[in-house]
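Listing of run29.tsv; format and content: TSV, C-alpha atoms and all ligand atoms.
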chain	number	residue	atom	x	y	z
Y	1	MET	CA	78.07	117.75	76.95
Y	2	ARG	CA	81.78	117.51	77.60
Y	3	ILE	CA	82.77	116.19	80.98
Y	4	ALA	CA	86.14	115.73	82.67
Y	5	VAL	CA	86.38	113.65	85.84
Y	6	VAL	CA	88.99	114.80	88.35
Y	7	GLY	CA	90.04	114.19	91.96
Y	8	LYS	CA	92.62	112.53	94.17
Y	9	GLY	CA	94.06	109.10	93.40
Y	10	GLY	CA	91.70	106.30	94.35
Y	11	ALA	CA	88.74	108.65	94.74
Y	12	GLY	CA	86.78	106.73	92.11
Y	13	LYS	CA	87.38	108.80	88.96
Y	14	SER	CA	87.70	105.83	86.62
Y	15	VAL	CA	84.64	104.05	87.99
Y	16	VAL	CA	82.56	107.22	87.69
Y	17	ALA	CA	83.90	108.12	84.22
Y	18	GLY	CA	83.55	104.60	82.81
Y	19	THR	CA	80.05	104.10	84.16
Y	20	MET	CA	78.89	107.54	83.01
Y	21	ALA	CA	80.20	106.85	79.52
Y	22	ARG	CA	78.34	103.53	79.30
Y	23	LEU	CA	75.10	104.98	80.67
Y	24	LEU	CA	75.19	107.95	78.31
Y	25	ALA	CA	75.81	105.63	75.36
Y	26	ARG	CA	72.85	103.48	76.39
Y	27	GLY	CA	70.78	106.61	76.48
Y	28	GLY	CA	71.57	107.14	72.80
Y	29	ASP	CA	74.52	109.54	72.94
Y	30	LYS	CA	77.56	109.14	70.75
Y	31	VAL	CA	80.19	108.90	73.45
Y	32	LEU	CA	83.93	109.46	73.29
Y	33	ALA	CA	85.82	108.38	76.41
Y	34	LEU	CA	89.23	110.02	76.83
Y	35	ASP	CA	91.93	108.61	79.09
Y	36	SER	CA	94.96	110.75	79.84
Y	37	ASP	CA	96.09	108.79	82.89
Y	38	PRO	CA	99.27	106.75	82.39
Y	39	ILE	CA	98.04	104.39	85.13
Y	40	PRO	CA	95.48	101.75	84.11
Y	41	GLY	CA	91.87	102.64	84.90
Y	42	LEU	CA	89.30	103.76	82.36
Y	43	ALA	CA	89.57	100.82	79.93
Y	44	ILE	CA	88.85	98.45	82.82
Y	45	SER	CA	85.94	100.52	84.11
Y	46	LEU	CA	84.47	100.65	80.59
Y	47	GLY	CA	84.55	96.87	80.36
Y	48	LEU	CA	87.48	96.52	77.97
Y	49	GLY	CA	89.85	94.99	80.51
Y	50	PRO	CA	93.47	96.07	80.94
Y	51	LEU	CA	94.69	97.76	77.77
Y	52	ASP	CA	98.10	99.38	77.33
Y	53	THR	CA	97.96	100.43	73.68
Y	54	PRO	CA	99.37	103.89	72.92
Y	55	MET	CA	96.66	104.70	70.40
Y	56	LEU	CA	98.08	107.74	68.66
Y	57	LEU	CA	101.57	106.55	67.73
Y	58	ASP	CA	100.67	106.34	64.04
Y	59	ALA	CA	98.94	109.71	64.09
Y	60	VAL	CA	102.10	111.70	64.75
Y	61	GLU	CA	105.44	112.55	63.24
Y	62	LYS	CA	108.34	114.81	64.21
Y	63	ASP	CA	108.74	118.22	62.62
Y	64	ASP	CA	112.07	119.76	61.61
Y	65	ASN	CA	112.70	120.90	65.16
Y	66	GLY	CA	112.15	117.42	66.54
Y	67	ARG	CA	108.75	118.25	68.00
Y	68	TRP	CA	105.80	115.94	67.71
Y	69	ARG	CA	102.92	117.03	65.53
Y	70	LEU	CA	99.82	115.39	64.11
Y	71	LYS	CA	100.37	114.15	60.59
Y	72	LYS	CA	98.89	116.18	57.76
Y	73	GLY	CA	95.18	115.56	57.34
Y	74	ILE	CA	94.68	114.29	60.88
Y	75	GLY	CA	92.35	116.52	62.83
Y	76	ALA	CA	90.37	115.59	65.89
Y	77	ALA	CA	87.54	113.88	63.99
Y	78	ARG	CA	89.91	111.81	61.88
Y	79	ALA	CA	91.96	110.83	64.93
Y	80	VAL	CA	88.85	109.65	66.75
Y	81	GLN	CA	87.52	107.79	63.75
Y	82	ARG	CA	90.78	106.08	62.90
Y	83	TYR	CA	92.51	105.45	66.21
Y	84	SER	CA	89.89	105.06	68.91
Y	85	LEU	CA	88.67	101.65	69.98
Y	86	VAL	CA	84.97	100.80	70.03
Y	87	GLY	CA	83.94	99.32	73.35
Y	88	PRO	CA	80.74	98.02	74.93
Y	89	ASP	CA	77.56	100.01	74.15
Y	90	GLY	CA	79.49	101.62	71.30
Y	91	VAL	CA	81.57	103.90	73.54
Y	92	ARG	CA	84.73	104.96	71.75
Y	93	LEU	CA	87.90	105.02	73.82
Y	94	LEU	CA	90.95	107.12	73.03
Y	95	GLN	CA	93.93	106.79	75.38
Y	96	PHE	CA	97.53	107.91	75.09
Y	97	GLY	CA	98.94	104.71	76.56
Y	98	LYS	CA	100.08	103.22	79.86
Y	99	THR	CA	103.50	103.39	81.45
Y	100	THR	CA	105.43	100.17	81.24
Y	101	ALA	CA	108.67	99.21	82.94
Y	102	SER	CA	110.51	101.48	80.51
Y	103	GLY	CA	108.34	104.45	81.40
Y	104	LEU	CA	106.70	106.87	79.01
Y	105	LYS	CA	109.52	107.27	76.56
Y	106	ASP	CA	108.37	104.65	74.07
Y	107	PHE	CA	105.10	106.44	73.51
Y	108	MET	CA	105.80	110.14	73.95
Y	109	GLY	CA	104.50	110.60	70.40
Y	110	SER	CA	101.13	109.26	71.45
Y	111	VAL	CA	101.08	111.49	74.56
Y	112	ASN	CA	101.84	114.57	72.47
Y	113	GLY	CA	99.35	113.57	69.81
Y	114	PHE	CA	96.68	113.13	72.45
Y	115	TYR	CA	97.30	116.61	73.86
Y	116	GLN	CA	96.93	118.08	70.40
Y	117	VAL	CA	93.79	116.10	69.65
Y	118	VAL	CA	92.04	117.26	72.83
Y	119	HIS	CA	92.91	120.83	71.95
Y	120	ARG	CA	91.24	120.46	68.57
Y	121	LEU	CA	88.19	118.61	69.86
Y	122	ALA	CA	86.30	121.63	71.03
Y	123	ARG	CA	86.89	123.44	67.76
Y	124	ASP	CA	85.96	120.56	65.45
Y	125	ASP	CA	82.38	121.05	64.28
Y	126	SER	CA	81.95	117.50	63.07
Y	127	LEU	CA	82.34	116.36	66.70
Y	128	SER	CA	79.88	118.85	68.13
Y	129	GLY	CA	77.21	116.17	68.47
Y	130	TRP	CA	79.44	113.94	70.58
Y	131	THR	CA	79.36	113.54	74.31
Y	132	ILE	CA	82.84	113.46	75.82
Y	133	VAL	CA	83.84	111.87	79.13
Y	134	GLY	CA	87.47	112.38	80.13
Y	135	ASP	CA	89.22	110.44	82.90
Y	136	LEU	CA	92.21	112.29	84.34
Y	137	PRO	CA	95.18	111.24	86.47
Y	138	ALA	CA	95.19	111.99	90.19
Y	139	GLY	CA	95.65	115.55	91.38
Y	140	PRO	CA	95.42	119.04	89.92
Y	141	ARG	CA	98.30	118.96	87.48
Y	142	GLN	CA	96.55	118.21	84.20
Y	143	THR	CA	93.75	120.63	85.02
Y	144	ALA	CA	96.36	123.33	85.60
Y	145	PHE	CA	98.30	122.50	82.45
Y	146	ASP	CA	95.31	122.66	80.18
Y	147	TRP	CA	94.69	119.01	79.36
Y	148	VAL	CA	90.91	119.47	79.38
Y	149	PRO	CA	90.26	122.43	77.09
Y	150	TYR	CA	87.18	120.58	75.81
Y	151	ALA	CA	85.38	120.33	79.15
Y	152	ASP	CA	82.28	122.31	79.98
Y	153	LYS	CA	81.64	120.29	83.17
Y	154	LEU	CA	84.21	119.19	85.67
Y	155	VAL	CA	83.08	116.35	87.89
Y	156	LEU	CA	85.12	116.55	91.07
Y	157	VAL	CA	85.10	113.17	92.84
Y	158	VAL	CA	85.68	113.55	96.58
Y	159	GLU	CA	85.97	110.99	99.37
Y	160	PRO	CA	85.27	111.92	102.99
Y	161	THR	CA	88.96	112.13	103.88
Y	162	TRP	CA	91.11	115.17	104.46
Y	163	GLN	CA	93.58	114.33	101.71
Y	164	SER	CA	90.84	113.90	99.17
Y	165	ILE	CA	89.07	117.11	100.16
Y	166	LEU	CA	92.26	119.19	100.08
Y	167	THR	CA	93.08	117.91	96.60
Y	168	ALA	CA	89.53	118.66	95.45
Y	169	ARG	CA	89.73	122.20	96.81
Y	170	ARG	CA	92.87	122.84	94.86
Y	171	ILE	CA	91.40	121.51	91.63
Y	172	ALA	CA	88.20	123.51	92.12
Y	173	ARG	CA	90.19	126.68	92.62
Y	174	ILE	CA	92.24	126.11	89.48
Y	175	SER	CA	89.28	125.23	87.30
Y	176	ARG	CA	87.28	128.25	88.41
Y	177	GLN	CA	89.92	130.41	86.76
Y	178	ARG	CA	88.65	129.14	83.44
Y	179	SER	CA	85.42	130.57	82.18
Y	180	GLY	CA	82.66	128.38	80.84
Y	181	VAL	CA	83.32	125.43	83.11
Y	182	GLU	CA	80.80	124.25	85.63
Y	183	VAL	CA	82.32	122.40	88.58
Y	184	VAL	CA	80.16	119.67	90.10
Y	185	ALA	CA	81.44	118.07	93.29
Y	186	PHE	CA	80.45	114.43	93.69
Y	187	GLY	CA	80.91	112.61	97.00
Y	188	ASN	CA	82.13	109.03	96.84
Y	189	LYS	CA	82.47	106.12	99.28
Y	190	LEU	CA	80.16	107.75	101.81
Y	191	ARG	CA	79.61	105.44	104.75
Y	192	GLU	CA	78.00	107.27	107.58
Y	193	ASP	CA	75.68	110.08	108.48
Y	194	GLY	CA	77.60	113.27	108.46
Y	195	ASP	CA	79.90	112.35	105.56
Y	196	THR	CA	78.06	114.72	103.23
Y	197	ASP	CA	78.28	117.57	105.75
Y	198	LEU	CA	81.91	116.81	106.41
Y	199	ILE	CA	82.80	117.10	102.73
Y	200	GLU	CA	80.62	120.14	102.07
Y	201	GLU	CA	81.97	122.03	105.05
Y	202	ARG	CA	85.62	121.42	104.36
Y	203	LEU	CA	85.34	121.70	100.62
Y	204	GLY	CA	83.23	124.83	100.74
Y	205	GLU	CA	80.96	123.50	98.00
Y	206	ARG	CA	77.59	121.79	97.89
Y	207	LEU	CA	77.66	118.24	96.52
Y	208	GLY	CA	75.85	117.75	93.22
Y	209	GLY	CA	75.35	114.09	94.10
Y	210	SER	CA	76.99	111.23	95.90
Y	211	LEU	CA	77.71	107.54	95.88
Y	212	PRO	CA	77.57	105.38	98.98
Y	213	PHE	CA	80.42	103.03	99.72
Y	214	ASP	CA	79.24	100.01	97.76
Y	215	PRO	CA	81.04	96.65	98.05
Y	216	LEU	CA	79.81	95.80	94.55
Y	217	VAL	CA	82.05	98.56	93.14
Y	218	ALA	CA	85.10	97.12	94.82
Y	219	GLU	CA	84.05	93.64	93.73
Y	220	ALA	CA	83.74	94.70	90.08
Y	221	ASP	CA	87.22	96.20	90.24
Y	222	ALA	CA	88.68	93.17	91.94
Y	223	HIS	CA	87.56	91.16	88.92
Y	224	GLY	CA	88.66	93.80	86.44
Y	225	LYS	CA	85.09	94.27	85.23
Y	226	ALA	CA	82.97	97.31	84.47
Y	227	LEU	CA	80.63	98.13	87.35
Y	228	ILE	CA	77.70	98.36	84.96
Y	229	ASP	CA	78.32	94.79	83.74
Y	230	HIS	CA	79.06	93.33	87.14
Y	231	ALA	CA	76.24	94.96	89.08
Y	232	PRO	CA	73.90	96.84	86.75
Y	233	ASP	CA	71.31	97.34	89.46
Y	234	SER	CA	73.65	98.41	92.24
Y	235	PRO	CA	73.13	101.55	94.32
Y	236	ALA	CA	76.34	102.91	92.79
Y	237	VAL	CA	75.06	102.65	89.21
Y	238	HIS	CA	71.83	104.37	90.20
Y	239	ALA	CA	73.74	107.15	91.93
Y	240	ILE	CA	75.76	107.72	88.78
Y	241	GLU	CA	72.53	107.84	86.76
Y	242	HIS	CA	71.32	110.58	89.07
Y	243	LEU	CA	74.59	112.43	88.65
Y	244	ILE	CA	74.04	112.43	84.89
Y	245	ASP	CA	70.46	113.66	85.37
Y	246	ALA	CA	71.75	116.46	87.55
Y	247	ILE	CA	74.53	117.70	85.33
Y	248	SER	CA	72.74	117.30	82.04
Y	249	ARG	CA	69.43	118.48	83.45
Y	250	ARG	CA	67.70	115.64	81.68
Y	251	LYS	CA	66.76	112.16	82.78
Y	252	VAL	CA	68.62	108.93	82.06
Y	253	SER	CA	67.53	107.19	85.26
Y	254	ALA	CA	64.35	105.11	85.26
I	1	MET	CA	118.42	115.02	96.20
I	2	LEU	CA	117.59	111.88	98.12
I	3	GLY	CA	121.25	110.93	98.06
I	4	GLU	CA	122.22	114.16	99.83
I	5	LEU	CA	119.95	113.37	102.74
I	6	GLU	CA	121.81	110.23	103.64
I	7	GLN	CA	123.10	110.24	107.19
I	8	GLU	CA	124.27	107.63	109.62
I	9	GLY	CA	121.42	106.67	111.93
I	10	ALA	CA	118.78	108.59	110.01
I	11	ALA	CA	115.98	107.14	107.93
I	12	VAL	CA	114.46	108.94	104.98
I	13	ILE	CA	110.96	107.92	103.95
I	14	CYS	CA	109.58	109.24	100.70
I	15	ASP	CA	105.88	109.17	99.87
I	16	LEU	CA	105.74	109.23	96.07
I	17	GLU	CA	102.93	110.38	93.84
I	18	ALA	CA	100.59	107.87	92.24
I	19	GLY	CA	102.04	105.89	89.37
I	20	VAL	CA	105.65	105.67	88.29
I	21	GLY	CA	106.51	109.29	87.39
I	22	SER	CA	108.90	109.97	90.25
I	23	LEU	CA	110.30	106.44	90.22
I	24	LEU	CA	111.43	106.98	86.66
I	25	ARG	CA	113.31	110.13	87.61
I	26	MET	CA	115.09	108.49	90.50
I	27	SER	CA	118.72	107.57	90.02
I	28	ASP	CA	120.47	104.45	91.20
I	29	GLY	CA	121.81	104.08	94.69
I	30	HIS	CA	119.48	106.55	96.33
I	31	VAL	CA	116.99	104.09	97.72
I	32	ASP	CA	117.61	101.03	99.79
I	33	VAL	CA	114.11	99.64	99.73
I	34	THR	CA	111.07	100.43	97.64
I	35	LEU	CA	107.68	99.49	99.03
I	36	ALA	CA	105.18	98.85	96.25
I	37	ILE	CA	101.75	99.24	97.84
I	38	VAL	CA	99.10	97.19	96.11
I	39	GLU	CA	95.41	96.59	96.70
I	40	PRO	CA	93.60	93.42	95.67
I	41	THR	CA	92.18	94.89	92.45
I	42	VAL	CA	93.13	94.44	88.82
I	43	LYS	CA	93.86	98.18	88.40
I	44	SER	CA	96.11	98.31	91.41
I	45	ILE	CA	97.99	95.15	90.48
I	46	GLU	CA	98.50	96.48	86.95
I	47	ALA	CA	99.99	99.70	88.32
I	48	ALA	CA	102.13	98.02	90.97
I	49	THR	CA	103.57	95.50	88.52
I	50	ARG	CA	104.99	98.36	86.48
I	51	ALA	CA	106.23	100.20	89.55
I	52	ALA	CA	107.92	97.09	90.93
I	53	ALA	CA	109.62	96.42	87.61
I	54	ILE	CA	111.09	99.93	87.51
I	55	ALA	CA	112.02	99.95	91.18
I	56	SER	CA	113.83	96.63	90.96
I	57	GLY	CA	116.47	98.51	89.01
I	58	HIS	CA	117.14	100.60	92.11
I	59	GLY	CA	117.37	98.03	94.86
I	60	LYS	CA	115.22	95.80	96.98
I	61	VAL	CA	111.46	95.80	96.41
I	62	ILE	CA	108.88	94.66	98.94
I	63	VAL	CA	105.34	94.23	97.72
I	64	VAL	CA	102.96	95.48	100.40
I	65	ALA	CA	99.51	94.01	100.02
I	66	ASN	CA	97.16	96.56	101.58
I	67	ARG	CA	93.44	96.51	102.45
I	68	VAL	CA	93.47	92.75	102.43
I	69	ARG	CA	90.20	91.29	103.68
I	70	ASP	CA	90.65	87.57	103.25
I	71	ASP	CA	92.87	84.79	101.93
I	72	SER	CA	91.57	85.18	98.41
I	73	ASP	CA	92.83	88.79	98.43
I	74	THR	CA	96.26	87.64	99.55
I	75	GLU	CA	96.24	84.92	96.90
I	76	LEU	CA	95.30	87.33	94.13
I	77	ILE	CA	98.25	89.56	94.94
I	78	ARG	CA	100.62	86.70	95.65
I	79	SER	CA	99.91	85.18	92.23
I	80	ALA	CA	100.74	88.50	90.55
I	81	PHE	CA	104.05	88.72	92.42
I	82	PRO	CA	105.17	85.12	92.85
I	83	ASP	CA	108.86	85.97	93.24
I	84	HIS	CA	108.64	89.05	95.43
I	85	ASP	CA	109.04	89.54	99.09
I	86	MET	CA	105.51	90.31	100.30
I	87	HIS	CA	104.05	91.90	103.41
I	88	VAL	CA	100.33	91.87	104.18
I	89	ILE	CA	98.39	94.70	105.85
I	90	PRO	CA	94.79	93.78	106.62
I	91	TYR	CA	91.90	96.13	105.87
I	92	ASP	CA	91.53	98.31	108.94
I	93	ALA	CA	88.55	100.58	109.58
I	94	ALA	CA	90.61	102.56	112.10
I	95	ILE	CA	92.90	103.80	109.34
I	96	ARG	CA	89.92	105.00	107.33
I	97	ARG	CA	88.49	106.73	110.39
I	98	ALA	CA	91.78	108.46	111.06
I	99	ASP	CA	91.80	109.81	107.50
I	100	ARG	CA	88.27	111.03	107.92
I	101	GLU	CA	89.25	112.94	111.07
I	102	GLY	CA	92.48	114.18	109.54
I	103	THR	CA	94.63	112.56	112.21
I	104	ALA	CA	97.62	110.30	111.81
I	105	PRO	CA	96.62	106.64	112.03
I	106	ILE	CA	99.29	106.10	114.68
I	107	ASP	CA	97.70	108.76	116.92
I	108	PHE	CA	94.24	107.39	116.42
I	109	GLY	CA	93.20	105.53	119.54
I	110	ASP	CA	94.03	101.92	120.19
I	111	SER	CA	96.47	100.09	118.07
I	112	SER	CA	94.70	98.08	115.43
I	113	ALA	CA	95.47	95.15	113.16
I	114	GLY	CA	96.48	97.38	110.27
I	115	LEU	CA	98.76	99.50	112.37
I	116	ALA	CA	100.37	96.43	113.93
I	117	ALA	CA	101.16	95.10	110.47
I	118	ILE	CA	102.74	98.42	109.49
I	119	ALA	CA	104.85	98.38	112.64
I	120	GLN	CA	106.03	94.89	111.75
I	121	LEU	CA	106.96	96.06	108.30
I	122	ALA	CA	108.99	98.95	109.73
I	123	HIS	CA	110.73	96.58	112.06
I	124	ARG	CA	111.49	94.18	109.28
I	125	ILE	CA	113.00	96.88	107.05
I	126	SER	CA	115.12	98.48	109.74
I	127	ARG	CA	116.52	95.18	110.87
I	128	SER	CA	117.53	93.85	107.50
I	129	ASP	CA	120.61	95.11	105.81
I	130	PRO	CA	118.99	96.34	102.63
I	131	VAL	CA	122.16	96.41	100.57
I	132	GLU	CA	122.95	92.83	101.40
I	133	ALA	CA	119.37	91.75	101.02
I	134	ALA	CA	119.31	93.18	97.52
Y	301	LIG	N1	81.48	103.84	95.88
Y	301	LIG	C1	82.46	102.95	96.04
Y	301	LIG	N2	82.31	101.92	96.91
Y	301	LIG	C2	83.30	101.02	97.08
Y	301	LIG	N3	84.47	101.05	96.44
Y	301	LIG	C3	84.69	102.04	95.55
Y	301	LIG	C4	83.70	103.04	95.30
Y	301	LIG	N4	84.19	103.89	94.36
Y	301	LIG	C5	85.42	103.43	94.04
Y	301	LIG	N5	85.73	102.33	94.76
Y	301	LIG	C6	86.99	101.57	94.72
Y	301	LIG	O1	88.08	102.47	94.91
Y	301	LIG	C7	89.17	102.12	94.10
Y	301	LIG	C8	89.60	103.31	93.26
Y	301	LIG	O2	88.63	103.58	92.26
Y	301	LIG	P1	89.09	104.17	90.83
Y	301	LIG	O3	87.88	104.49	90.07
Y	301	LIG	O4	90.09	103.28	90.19
Y	301	LIG	O5	89.80	105.50	91.35
Y	301	LIG	P2	90.66	106.61	90.59
Y	301	LIG	O6	90.43	106.44	89.12
Y	301	LIG	O7	90.14	107.91	91.10
Y	301	LIG	O8	92.08	106.41	91.00
Y	301	LIG	C9	88.74	100.91	93.27
Y	301	LIG	O9	89.24	99.76	93.88
Y	301	LIG	C10	87.24	100.97	93.35
Y	301	LIG	O10	86.67	99.69	93.27
Y	302	MG	MG	91.76	106.08	87.53

Could you quickly redo this structure as structure tokens?
Amino acid sequence: MRIAVVGKGGAGKSVVAGTMARLLARGGDKVLALDSDPIPGLAISLGLGPLDTPMLLDAVEKDDNGRWRLKKGIGAARAVQRYSLVGPDGVRLLQFGKTTASGLKDFMGSVNGFYQVVHRLARDDSLSGWTIVGDLPAGPRQTAFDWVPYADKLVLVVEPTWQSILTARRIARISRQRSGVEVVAFGNKLREDGDTDLIEERLGERLGGSLPFDPLVAEADAHGKALIDHAPDSPAVHAIEHLIDAISRRKVSA
Amino acid sequence: MLGELEQEGAAVICDLEAGVGSLLRMSDGHVDVTLAIVEPTVKSIEAATRAAAIASGHGKVIVVANRVRDDSDTELIRSAFPDHDMHVIPYDAAIRRADREGTAPIDFGDSSAGLAAIAQLAHRISRSDPVEAA
């Protein structure tokens, strides 16, 4: 299963992606977590704390035209094996790096390398047994520009606000143009009766699951901890277990 | 482009995308004040620290602590930005409700604590001479 988590900024993508990755790993999957957001998120939600490292700087070189390419002998499997970081529950994290005060320019090699690695992932047979969970930046841009060629499921995280629903609609429309991708809308931070209807009506999609607003999620983030470590028995963790059940059509929840 | 919009007596307010992408493409002299909005979470503080560092090259930066629920929230943000000008906006359910209805918070019923704090911020910015303050 190869999942990409998308939605508006602040919708809860990183919390959902990080918790899914940990749960799937606990269920016995080999899990690769991919972070292509230059803003901090996934490493924290996985339980690794803030982590800036551009992981693929050593994997790339410039060709004669000054374009970045993966060094000879580095395919997707090698890149994962050599450059990813092993986190809690054995989840492997690969990220292109985080913007610092000097912007992206110090690690453009890593960004380019990352793009090339994700494009080889789907074709690399030695990774076919891996489960992939990708955390994307806010908005539809990376979906439109083909940053998730590996995904067979797109988890669309939507809050019950207009801005969030409009963004989700746009992403859903773009991703439906690709064949072989199943879009699963997932409501987040639901607080009152009618929130599910509100999202479904305006989004024009049924929700494949949802998470209530849960103060424990916010609390975990305030401390920079993974939700699953901070509140393993919270309603939010259970809702994410059910999401995995639903999209994988198998059971990880108790 | 921002520079071309400058006009006596007019205010231009730009809502930027998440992160620092557009900040990086901005050139000097086109902004008087940058408001770095930050929530009391590690992720948000991490992001805002970078944004504030970049924006300080352009002019005055005010750190706006948003969705603040108690003193410990204020403290958390204050300790991350000890040397910055800071403005606090309390958590306000009315703003969330407005978003849910798709209306502007300012048109949404009675004025609330969050909205009052935003009004204060606007007042504070328009009164100060940003160039001098920087
Ligand atoms: N179900 C929830 N209940 C309460 N707070 C939540 C919930 N989901 C996410 N949050 C909070 O919302 C903020 C944004 O979540 P995050 O996963 O970082 O979003 P994104 O990656 O989409 O930008 C965080 O502070 C997080 O704690
Ligand atoms: Mg995120």

*What's the 12 Å shell around Arg176 of chain Y, counting all atoms listed in the file, without same-chain residues fewer than 5 positions away, as a ChimeraX atom specification?*
/Y:143-144,152-154,169-171,181-184

*Select residues of chain I: the criterion is any atom within 7 Å of an atom of chain Y, counting only C-alpha atoms; output as a ChimeraX atom specification.*
/I:18-19,24,40-43,46-47,50,53-54,99-100,102

*asked:* What does the structure give for the distance between atom CA of Asp83 of chain I and atom CA of Val33 of chain I, in Å to one decimal?
replied: 16.0 Å

*Between I:Ser112, I:Val88, I:Ser44, I:Ser56, which is the closest to ligand MG 302 (chain Y) once you count all atoms listed in the file?*
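Result for the nearest residue to ligand MG 302 (chain Y): I:Ser44.
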
Determine the axis-aligned bounding box of all atoms of ligand LIG 301 (chain Y) present in the file, pad each side by 3 Å, and express its centre and edge lengths in Å to one decimal place as lines of an AutoDock Vina configuration file.
center_x = 86.8
center_y = 103.8
center_z = 93.1
size_x = 16.6
size_y = 14.2
size_z = 14.0

*asked:* Could you check the closest approach to ligand MG 302 (chain Y) for each of Y:Gly66, Y:Pro149, Y:Gly12, Y:Pro232 and tell me which residue wins, using only C-alpha atoms and all ligand atoms?
replied: Y:Gly12

*List as JSON, numbers by chain: which residues have an atom within 12 Å of (81.2, 114.0, 76.1), counting all atoms listed in the file?*
{"Y": [1, 2, 3, 4, 5, 17, 18, 20, 21, 22, 23, 24, 25, 29, 30, 31, 32, 33, 34, 91, 92, 93, 118, 121, 122, 127, 128, 129, 130, 131, 132, 133, 134, 135, 148, 150, 151, 152, 153, 154, 244, 247, 248]}

*asked:* List the spatial neighbours of Leu211 of chain Y as a list in words - criterion: any atom at most 9 Å away, all atoms listed in the file, same-chain residues fewer than 5 positions off excluded.
replied: Phe186, Gly187, Asn188, Lys189, Leu190, Pro235, Ala236, Val237, His238, Ala239 and Ile240 of chain Y

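Put simply, atom CA of Ala113 of chain I is 16.3 Å away from atom CA of Asp73 of chain I.
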
*Have a look at Y:Ala246, Y:Ile228, Y:Val117, Y:Val157 and name the one nearest to ligand MG 302 (chain Y); count all atoms listed in the file.*
Y:Val157

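Separating atom CA of Leu70 of chain Y from atom CA of Gly113 of chain Y is a distance of 6.0 Å.
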
*Closest of Y:Arg178, Y:Leu136, Y:Asn112, Y:Asp193 to ligand MG 302 (chain Y) - atom-to-atom distances counting all atoms listed in the file*: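 Of Y:Arg178, Y:Leu136, Y:Asn112, Y:Asp193, the one nearest ligand MG 302 (chain Y) is Y:Leu136, counting all atoms listed in the file.
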